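Note: the block below is entry.txt and it holds compact mmCIF, all heavy atoms.
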```
# COMPACT_ATOMS: atom_id res chain seq x y z
N MET H 541 1.80 -7.86 10.60
CA MET H 541 0.92 -6.74 10.39
C MET H 541 0.92 -6.42 8.90
O MET H 541 1.94 -6.50 8.24
CB MET H 541 1.39 -5.53 11.20
CG MET H 541 0.53 -4.33 10.99
SD MET H 541 1.03 -2.76 11.78
CE MET H 541 1.79 -3.24 13.27
N LYS H 542 -0.22 -6.04 8.39
CA LYS H 542 -0.35 -5.60 7.00
C LYS H 542 -0.48 -4.09 6.99
O LYS H 542 -1.27 -3.52 7.73
CB LYS H 542 -1.59 -6.23 6.37
CG LYS H 542 -1.49 -7.73 6.25
CD LYS H 542 -2.75 -8.30 5.66
CE LYS H 542 -2.67 -9.80 5.57
NZ LYS H 542 -3.89 -10.36 5.00
N ILE H 543 0.31 -3.44 6.14
CA ILE H 543 0.34 -1.97 6.08
C ILE H 543 0.12 -1.54 4.64
O ILE H 543 0.78 -2.02 3.72
CB ILE H 543 1.68 -1.44 6.60
CG1 ILE H 543 1.88 -1.88 8.05
CG2 ILE H 543 1.74 0.08 6.46
CD1 ILE H 543 3.24 -1.58 8.60
N LEU H 544 -0.82 -0.60 4.45
CA LEU H 544 -1.15 -0.09 3.13
C LEU H 544 -0.76 1.39 3.06
O LEU H 544 -1.13 2.18 3.90
CB LEU H 544 -2.65 -0.23 2.87
CG LEU H 544 -3.18 0.35 1.58
CD1 LEU H 544 -2.58 -0.36 0.37
CD2 LEU H 544 -4.70 0.24 1.55
N PHE H 545 0.00 1.74 2.03
CA PHE H 545 0.37 3.13 1.77
C PHE H 545 -0.49 3.64 0.62
O PHE H 545 -0.61 2.99 -0.41
CB PHE H 545 1.85 3.22 1.37
CG PHE H 545 2.78 2.82 2.46
CD1 PHE H 545 3.30 1.53 2.49
CD2 PHE H 545 3.12 3.69 3.47
CE1 PHE H 545 4.15 1.13 3.49
CE2 PHE H 545 3.98 3.31 4.49
CZ PHE H 545 4.49 2.03 4.49
N LEU H 546 -1.09 4.82 0.82
CA LEU H 546 -1.98 5.41 -0.18
C LEU H 546 -1.45 6.75 -0.66
O LEU H 546 -0.92 7.53 0.12
CB LEU H 546 -3.38 5.64 0.41
CG LEU H 546 -4.15 4.40 0.81
CD1 LEU H 546 -5.41 4.80 1.56
CD2 LEU H 546 -4.49 3.57 -0.40
N CYS H 547 -1.62 7.01 -1.95
CA CYS H 547 -1.41 8.34 -2.50
C CYS H 547 -2.40 8.51 -3.65
O CYS H 547 -3.17 7.61 -3.95
CB CYS H 547 0.04 8.56 -2.93
SG CYS H 547 0.54 7.70 -4.41
N ILE H 548 -2.41 9.64 -4.28
CA ILE H 548 -3.41 9.94 -5.31
C ILE H 548 -3.34 8.95 -6.48
O ILE H 548 -4.34 8.36 -6.86
CB ILE H 548 -3.26 11.38 -5.83
CG1 ILE H 548 -3.50 12.38 -4.70
CG2 ILE H 548 -4.23 11.65 -6.99
CD1 ILE H 548 -4.87 12.31 -4.08
N ALA H 549 -2.17 8.73 -7.06
CA ALA H 549 -2.10 7.90 -8.25
C ALA H 549 -1.16 6.69 -8.11
O ALA H 549 -1.02 5.92 -9.02
CB ALA H 549 -1.64 8.74 -9.44
N ASN H 550 -0.51 6.53 -6.96
CA ASN H 550 0.43 5.43 -6.73
C ASN H 550 1.57 5.45 -7.74
O ASN H 550 2.03 4.42 -8.21
CB ASN H 550 -0.28 4.09 -6.76
CG ASN H 550 0.55 2.99 -6.13
OD1 ASN H 550 1.31 3.25 -5.21
ND2 ASN H 550 0.43 1.78 -6.62
N LEU H 551 2.04 6.63 -8.08
CA LEU H 551 3.14 6.73 -9.04
C LEU H 551 4.50 6.88 -8.37
O LEU H 551 5.49 6.40 -8.89
CB LEU H 551 2.91 7.92 -9.99
CG LEU H 551 1.67 7.80 -10.87
CD1 LEU H 551 1.47 9.07 -11.69
CD2 LEU H 551 1.78 6.60 -11.78
N GLN H 552 4.57 7.55 -7.25
CA GLN H 552 5.86 7.79 -6.61
C GLN H 552 5.82 7.57 -5.10
O GLN H 552 6.48 6.70 -4.58
CB GLN H 552 6.35 9.22 -6.88
CG GLN H 552 6.62 9.51 -8.33
CD GLN H 552 7.84 8.77 -8.85
OE1 GLN H 552 8.75 8.44 -8.11
NE2 GLN H 552 7.85 8.48 -10.13
N ARG H 553 5.01 8.39 -4.40
CA ARG H 553 5.09 8.44 -2.95
C ARG H 553 4.79 7.12 -2.26
O ARG H 553 5.56 6.65 -1.43
CB ARG H 553 4.17 9.53 -2.41
CG ARG H 553 4.64 10.94 -2.76
CD ARG H 553 3.63 11.98 -2.31
NE ARG H 553 2.36 11.85 -3.01
CZ ARG H 553 2.07 12.47 -4.15
NH1 ARG H 553 2.94 13.27 -4.69
NH2 ARG H 553 0.91 12.29 -4.73
N SER H 554 3.67 6.50 -2.56
CA SER H 554 3.31 5.28 -1.84
C SER H 554 4.21 4.11 -2.21
O SER H 554 4.55 3.28 -1.37
CB SER H 554 1.84 4.93 -2.03
OG SER H 554 1.55 4.74 -3.39
N LYS H 555 4.64 4.02 -3.46
CA LYS H 555 5.57 2.95 -3.86
C LYS H 555 6.91 3.13 -3.16
O LYS H 555 7.53 2.16 -2.72
CB LYS H 555 5.77 2.95 -5.37
CG LYS H 555 4.58 2.41 -6.13
CD LYS H 555 4.90 2.36 -7.60
CE LYS H 555 3.71 1.84 -8.38
NZ LYS H 555 3.98 1.71 -9.80
N THR H 556 7.37 4.36 -3.07
CA THR H 556 8.63 4.64 -2.39
C THR H 556 8.53 4.27 -0.92
O THR H 556 9.43 3.62 -0.37
CB THR H 556 9.01 6.13 -2.54
OG1 THR H 556 9.12 6.44 -3.93
CG2 THR H 556 10.32 6.44 -1.83
N ALA H 557 7.45 4.67 -0.27
CA ALA H 557 7.26 4.33 1.15
C ALA H 557 7.21 2.82 1.33
O ALA H 557 7.83 2.27 2.25
CB ALA H 557 5.97 4.97 1.67
N GLU H 558 6.50 2.13 0.46
CA GLU H 558 6.40 0.67 0.54
C GLU H 558 7.80 0.05 0.46
O GLU H 558 8.15 -0.82 1.28
CB GLU H 558 5.53 0.14 -0.59
CG GLU H 558 5.43 -1.36 -0.64
CD GLU H 558 4.67 -1.88 -1.85
OE1 GLU H 558 4.22 -1.08 -2.69
OE2 GLU H 558 4.54 -3.10 -1.95
N GLU H 559 8.60 0.47 -0.49
CA GLU H 559 9.94 -0.10 -0.66
C GLU H 559 10.85 0.22 0.52
O GLU H 559 11.60 -0.65 0.98
CB GLU H 559 10.55 0.42 -1.95
CG GLU H 559 9.84 -0.10 -3.19
CD GLU H 559 10.32 0.54 -4.47
OE1 GLU H 559 11.34 1.25 -4.45
OE2 GLU H 559 9.68 0.31 -5.50
N LEU H 560 10.79 1.45 1.02
CA LEU H 560 11.63 1.83 2.17
C LEU H 560 11.27 1.05 3.43
O LEU H 560 12.15 0.55 4.14
CB LEU H 560 11.53 3.33 2.44
CG LEU H 560 12.18 4.24 1.41
CD1 LEU H 560 11.84 5.70 1.69
CD2 LEU H 560 13.69 4.04 1.43
N PHE H 561 9.98 0.94 3.72
CA PHE H 561 9.55 0.21 4.91
C PHE H 561 9.84 -1.28 4.77
O PHE H 561 10.24 -1.92 5.74
CB PHE H 561 8.07 0.45 5.18
CG PHE H 561 7.81 1.70 5.96
CD1 PHE H 561 7.88 2.94 5.36
CD2 PHE H 561 7.48 1.65 7.31
CE1 PHE H 561 7.65 4.11 6.06
CE2 PHE H 561 7.25 2.80 8.03
CZ PHE H 561 7.33 4.04 7.41
N ARG H 562 9.65 -1.84 3.60
CA ARG H 562 9.94 -3.26 3.37
C ARG H 562 11.43 -3.55 3.60
O ARG H 562 11.80 -4.55 4.20
CB ARG H 562 9.53 -3.69 1.98
CG ARG H 562 9.77 -5.19 1.74
CD ARG H 562 9.27 -5.67 0.40
NE ARG H 562 7.82 -5.75 0.42
CZ ARG H 562 7.02 -5.09 -0.40
NH1 ARG H 562 7.52 -4.31 -1.32
NH2 ARG H 562 5.73 -5.22 -0.31
N ALA H 563 12.29 -2.65 3.12
CA ALA H 563 13.73 -2.83 3.31
C ALA H 563 14.12 -2.74 4.78
O ALA H 563 15.03 -3.44 5.23
CB ALA H 563 14.49 -1.79 2.49
N ALA H 564 13.42 -1.89 5.53
CA ALA H 564 13.75 -1.68 6.94
C ALA H 564 13.20 -2.78 7.85
O ALA H 564 13.79 -3.08 8.88
CB ALA H 564 13.23 -0.32 7.40
N ASN H 565 12.06 -3.37 7.47
CA ASN H 565 11.43 -4.37 8.33
C ASN H 565 10.66 -5.37 7.48
O ASN H 565 9.59 -5.09 6.99
CB ASN H 565 10.49 -3.69 9.33
CG ASN H 565 9.95 -4.64 10.36
OD1 ASN H 565 9.99 -5.86 10.18
ND2 ASN H 565 9.46 -4.10 11.45
N LYS H 566 11.22 -6.54 7.34
CA LYS H 566 10.62 -7.57 6.49
C LYS H 566 9.59 -8.43 7.25
O LYS H 566 9.06 -9.38 6.70
CB LYS H 566 11.71 -8.45 5.90
CG LYS H 566 12.64 -7.68 4.99
CD LYS H 566 13.64 -8.57 4.34
CE LYS H 566 14.68 -7.87 3.53
NZ LYS H 566 14.38 -6.71 2.82
N ASN H 567 9.29 -8.07 8.49
CA ASN H 567 8.34 -8.84 9.30
C ASN H 567 6.88 -8.48 9.03
O ASN H 567 5.99 -9.10 9.59
CB ASN H 567 8.63 -8.66 10.79
CG ASN H 567 9.98 -9.23 11.15
OD1 ASN H 567 10.39 -10.25 10.62
ND2 ASN H 567 10.68 -8.55 12.03
N HIS H 568 6.65 -7.48 8.20
CA HIS H 568 5.29 -7.04 7.91
C HIS H 568 5.01 -7.19 6.41
O HIS H 568 5.93 -7.33 5.61
CB HIS H 568 5.08 -5.58 8.32
CG HIS H 568 5.37 -5.32 9.75
ND1 HIS H 568 4.65 -5.88 10.78
CD2 HIS H 568 6.31 -4.56 10.35
CE1 HIS H 568 5.12 -5.47 11.93
NE2 HIS H 568 6.15 -4.66 11.70
N GLN H 569 3.74 -7.12 6.05
CA GLN H 569 3.35 -7.13 4.64
C GLN H 569 2.99 -5.71 4.24
O GLN H 569 2.22 -5.05 4.93
CB GLN H 569 2.13 -8.03 4.42
CG GLN H 569 2.42 -9.48 4.65
CD GLN H 569 1.17 -10.31 4.40
OE1 GLN H 569 0.21 -9.86 3.79
NE2 GLN H 569 1.20 -11.54 4.88
N TYR H 570 3.57 -5.24 3.15
CA TYR H 570 3.35 -3.88 2.68
C TYR H 570 2.72 -3.90 1.30
O TYR H 570 3.01 -4.78 0.49
CB TYR H 570 4.68 -3.12 2.61
CG TYR H 570 5.41 -3.08 3.92
CD1 TYR H 570 6.44 -3.96 4.20
CD2 TYR H 570 5.06 -2.16 4.90
CE1 TYR H 570 7.11 -3.92 5.41
CE2 TYR H 570 5.72 -2.11 6.11
CZ TYR H 570 6.75 -3.00 6.36
OH TYR H 570 7.39 -2.96 7.55
N LYS H 571 1.90 -2.90 1.06
CA LYS H 571 1.27 -2.75 -0.26
C LYS H 571 1.03 -1.26 -0.48
O LYS H 571 0.77 -0.52 0.46
CB LYS H 571 -0.05 -3.51 -0.32
CG LYS H 571 -0.66 -3.56 -1.70
CD LYS H 571 -1.79 -4.54 -1.78
CE LYS H 571 -2.32 -4.59 -3.19
NZ LYS H 571 -3.35 -5.59 -3.34
N SER H 572 1.11 -0.83 -1.72
CA SER H 572 0.81 0.57 -2.04
C SER H 572 -0.29 0.60 -3.09
O SER H 572 -0.38 -0.27 -3.95
CB SER H 572 2.06 1.28 -2.56
OG SER H 572 2.54 0.69 -3.74
N GLU H 573 -1.13 1.60 -2.99
CA GLU H 573 -2.26 1.77 -3.91
C GLU H 573 -2.49 3.25 -4.15
O GLU H 573 -2.13 4.09 -3.34
CB GLU H 573 -3.56 1.18 -3.33
CG GLU H 573 -3.54 -0.33 -3.22
CD GLU H 573 -3.61 -1.05 -4.56
OE1 GLU H 573 -4.04 -0.44 -5.55
OE2 GLU H 573 -3.22 -2.21 -4.60
N GLY H 574 -3.13 3.55 -5.26
CA GLY H 574 -3.52 4.91 -5.58
C GLY H 574 -5.01 5.12 -5.34
O GLY H 574 -5.79 4.17 -5.38
N LEU H 575 -5.40 6.34 -5.08
CA LEU H 575 -6.80 6.66 -4.82
C LEU H 575 -7.56 7.05 -6.09
O LEU H 575 -8.77 6.97 -6.14
CB LEU H 575 -6.91 7.81 -3.81
CG LEU H 575 -6.37 7.51 -2.42
CD1 LEU H 575 -6.44 8.76 -1.55
CD2 LEU H 575 -7.12 6.37 -1.78
N SER H 576 -6.84 7.46 -7.13
CA SER H 576 -7.47 7.87 -8.37
C SER H 576 -8.17 6.67 -9.01
O SER H 576 -7.63 5.57 -9.08
CB SER H 576 -6.43 8.42 -9.33
OG SER H 576 -7.00 8.66 -10.59
N GLU H 577 -9.37 6.87 -9.51
CA GLU H 577 -10.13 5.78 -10.14
C GLU H 577 -9.34 5.12 -11.26
O GLU H 577 -9.45 3.92 -11.50
CB GLU H 577 -11.46 6.32 -10.67
CG GLU H 577 -12.37 5.24 -11.20
CD GLU H 577 -13.72 5.79 -11.61
OE1 GLU H 577 -14.19 6.75 -10.99
OE2 GLU H 577 -14.28 5.26 -12.58
N LYS H 578 -8.52 5.90 -11.93
CA LYS H 578 -7.71 5.38 -13.02
C LYS H 578 -6.73 4.31 -12.55
O LYS H 578 -6.38 3.40 -13.29
CB LYS H 578 -6.95 6.53 -13.68
CG LYS H 578 -6.08 6.13 -14.84
CD LYS H 578 -5.42 7.35 -15.45
CE LYS H 578 -4.50 6.97 -16.57
NZ LYS H 578 -3.82 8.12 -17.15
N TYR H 579 -6.29 4.39 -11.27
CA TYR H 579 -5.25 3.50 -10.77
C TYR H 579 -5.72 2.50 -9.71
O TYR H 579 -5.01 1.56 -9.41
CB TYR H 579 -4.10 4.33 -10.18
CG TYR H 579 -3.46 5.23 -11.20
CD1 TYR H 579 -3.78 6.58 -11.28
CD2 TYR H 579 -2.53 4.73 -12.11
CE1 TYR H 579 -3.19 7.40 -12.22
CE2 TYR H 579 -1.95 5.55 -13.05
CZ TYR H 579 -2.28 6.88 -13.10
OH TYR H 579 -1.70 7.68 -14.04
N VAL H 580 -6.87 2.72 -9.15
CA VAL H 580 -7.31 1.87 -8.04
C VAL H 580 -7.80 0.53 -8.56
O VAL H 580 -8.52 0.46 -9.55
CB VAL H 580 -8.44 2.56 -7.23
CG1 VAL H 580 -9.01 1.62 -6.18
CG2 VAL H 580 -7.91 3.82 -6.58
N LYS H 581 -7.43 -0.52 -7.86
CA LYS H 581 -7.91 -1.86 -8.20
C LYS H 581 -9.25 -2.07 -7.50
O LYS H 581 -9.72 -1.23 -6.74
CB LYS H 581 -6.89 -2.89 -7.74
CG LYS H 581 -5.59 -2.76 -8.47
CD LYS H 581 -4.58 -3.72 -7.91
CE LYS H 581 -3.27 -3.49 -8.63
NZ LYS H 581 -2.14 -3.99 -7.92
N LYS H 582 -9.87 -3.21 -7.70
CA LYS H 582 -11.13 -3.52 -7.04
C LYS H 582 -10.98 -3.39 -5.53
O LYS H 582 -9.96 -3.76 -4.97
CB LYS H 582 -11.58 -4.93 -7.39
CG LYS H 582 -11.99 -5.11 -8.82
CD LYS H 582 -12.45 -6.53 -9.05
CE LYS H 582 -12.84 -6.70 -10.51
NZ LYS H 582 -13.26 -8.07 -10.78
N ALA H 583 -11.99 -2.88 -4.89
CA ALA H 583 -11.94 -2.65 -3.44
C ALA H 583 -11.63 -3.93 -2.69
O ALA H 583 -10.93 -3.91 -1.68
CB ALA H 583 -13.25 -2.06 -2.96
N SER H 584 -12.07 -5.05 -3.15
CA SER H 584 -11.82 -6.30 -2.45
C SER H 584 -10.34 -6.65 -2.42
O SER H 584 -9.87 -7.29 -1.49
CB SER H 584 -12.61 -7.44 -3.07
OG SER H 584 -12.22 -7.63 -4.41
N SER H 585 -9.59 -6.23 -3.43
CA SER H 585 -8.17 -6.57 -3.46
C SER H 585 -7.37 -5.76 -2.46
O SER H 585 -6.31 -6.19 -2.03
CB SER H 585 -7.60 -6.39 -4.86
OG SER H 585 -7.53 -5.03 -5.20
N ILE H 586 -7.86 -4.58 -2.07
CA ILE H 586 -7.11 -3.79 -1.09
C ILE H 586 -7.73 -3.85 0.30
O ILE H 586 -7.07 -3.56 1.27
CB ILE H 586 -6.96 -2.31 -1.53
CG1 ILE H 586 -8.29 -1.61 -1.66
CG2 ILE H 586 -6.15 -2.20 -2.78
CD1 ILE H 586 -8.19 -0.12 -1.85
N SER H 587 -8.97 -4.28 0.40
CA SER H 587 -9.62 -4.28 1.70
C SER H 587 -8.93 -5.20 2.69
O SER H 587 -8.94 -4.96 3.88
CB SER H 587 -11.10 -4.67 1.57
OG SER H 587 -11.21 -5.99 1.09
N GLN H 588 -8.27 -6.26 2.21
CA GLN H 588 -7.57 -7.16 3.10
C GLN H 588 -6.36 -6.50 3.76
O GLN H 588 -5.86 -6.98 4.76
CB GLN H 588 -7.13 -8.40 2.35
CG GLN H 588 -6.14 -8.11 1.24
CD GLN H 588 -5.72 -9.35 0.51
OE1 GLN H 588 -5.64 -10.41 1.12
NE2 GLN H 588 -5.47 -9.23 -0.78
N PHE H 589 -5.90 -5.37 3.22
CA PHE H 589 -4.76 -4.68 3.79
C PHE H 589 -5.15 -3.49 4.67
O PHE H 589 -4.31 -2.83 5.23
CB PHE H 589 -3.83 -4.19 2.68
CG PHE H 589 -3.03 -5.29 2.08
CD1 PHE H 589 -3.56 -6.04 1.03
CD2 PHE H 589 -1.79 -5.62 2.57
CE1 PHE H 589 -2.84 -7.07 0.48
CE2 PHE H 589 -1.06 -6.65 2.02
CZ PHE H 589 -1.59 -7.38 0.97
N LEU H 590 -6.44 -3.21 4.79
CA LEU H 590 -6.88 -2.07 5.59
C LEU H 590 -7.12 -2.49 7.03
O LEU H 590 -7.88 -3.40 7.31
CB LEU H 590 -8.18 -1.48 5.02
CG LEU H 590 -8.06 -0.85 3.63
CD1 LEU H 590 -9.43 -0.39 3.16
CD2 LEU H 590 -7.09 0.29 3.63
N TYR H 591 -6.46 -1.83 7.93
CA TYR H 591 -6.67 -2.05 9.36
C TYR H 591 -6.90 -0.71 10.03
O TYR H 591 -6.18 0.25 9.74
CB TYR H 591 -5.44 -2.70 10.00
CG TYR H 591 -5.32 -4.17 9.74
CD1 TYR H 591 -4.18 -4.67 9.13
CD2 TYR H 591 -6.32 -5.04 10.09
CE1 TYR H 591 -4.04 -6.01 8.88
CE2 TYR H 591 -6.19 -6.39 9.84
CZ TYR H 591 -5.04 -6.88 9.24
OH TYR H 591 -4.92 -8.20 9.00
N ILE H 592 -7.83 -0.65 10.89
CA ILE H 592 -8.09 0.56 11.66
C ILE H 592 -7.82 0.23 13.12
O ILE H 592 -8.42 -0.67 13.68
CB ILE H 592 -9.54 1.06 11.47
CG1 ILE H 592 -9.77 1.37 10.00
CG2 ILE H 592 -9.80 2.27 12.36
CD1 ILE H 592 -11.19 1.74 9.67
N HIS H 593 -6.87 0.93 13.71
CA HIS H 593 -6.53 0.70 15.11
C HIS H 593 -6.94 1.88 15.94
O HIS H 593 -6.83 2.97 15.59
CB HIS H 593 -5.03 0.47 15.27
CG HIS H 593 -4.60 -0.84 14.72
ND1 HIS H 593 -4.46 -1.06 13.37
CD2 HIS H 593 -4.31 -2.00 15.31
CE1 HIS H 593 -4.06 -2.29 13.17
NE2 HIS H 593 -3.97 -2.90 14.33
```
Please go through the file and, once you have read it, give me the structure as structure tokens.
Amino acid sequence: MKILFLCIANLQRSKTAEELFRAANKNHQYKSEGLSEKYVKKASSISQFLYIH
């Protein structure tokens, strides 16, 4: 499963969550991103990690 953590600027919260979840369960792919235009990468680079269940 691919899991994406989001926060406003990807400075603390989402990176921390990514690291904690990765340490707890290495069977999934984790990524963190920020929502602020200053920090967000191209939509195509994060769209592969978005899943809606």
Atom pair CE1 of His568 (chain H) / CG2 of Thr556 (chain H): separation (Å):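 Distance between the two atoms: 18.9 Å.
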May I have the centre and edge lengths, in Å to one decimal, of an axis-aligned box around the listed atoms of region 546-560 of chain H with 5 Å added to every side, as AutoDock Vina command-line options?
```
--center_x 4.1 --center_y 5.1 --center_z -3.8 --size_x 29.1 --size_y 26.4 --size_z 25.9
```
Interatomic distance, CA of Ala563 (chain H) to CA of Leu575 (chain H) (Å, one decimal): 24.0 Å
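As for CB of Ser576 (chain H) and CA of Met541 (chain H), they are spaced 25.9 Å apart.
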Near-Ser572 (chain H) list (7 Å; only C-alpha atoms; drop same-chain fewer than 6 positions) as a PyMOL selection string: chain H and resi 544-546+550+554-555+558
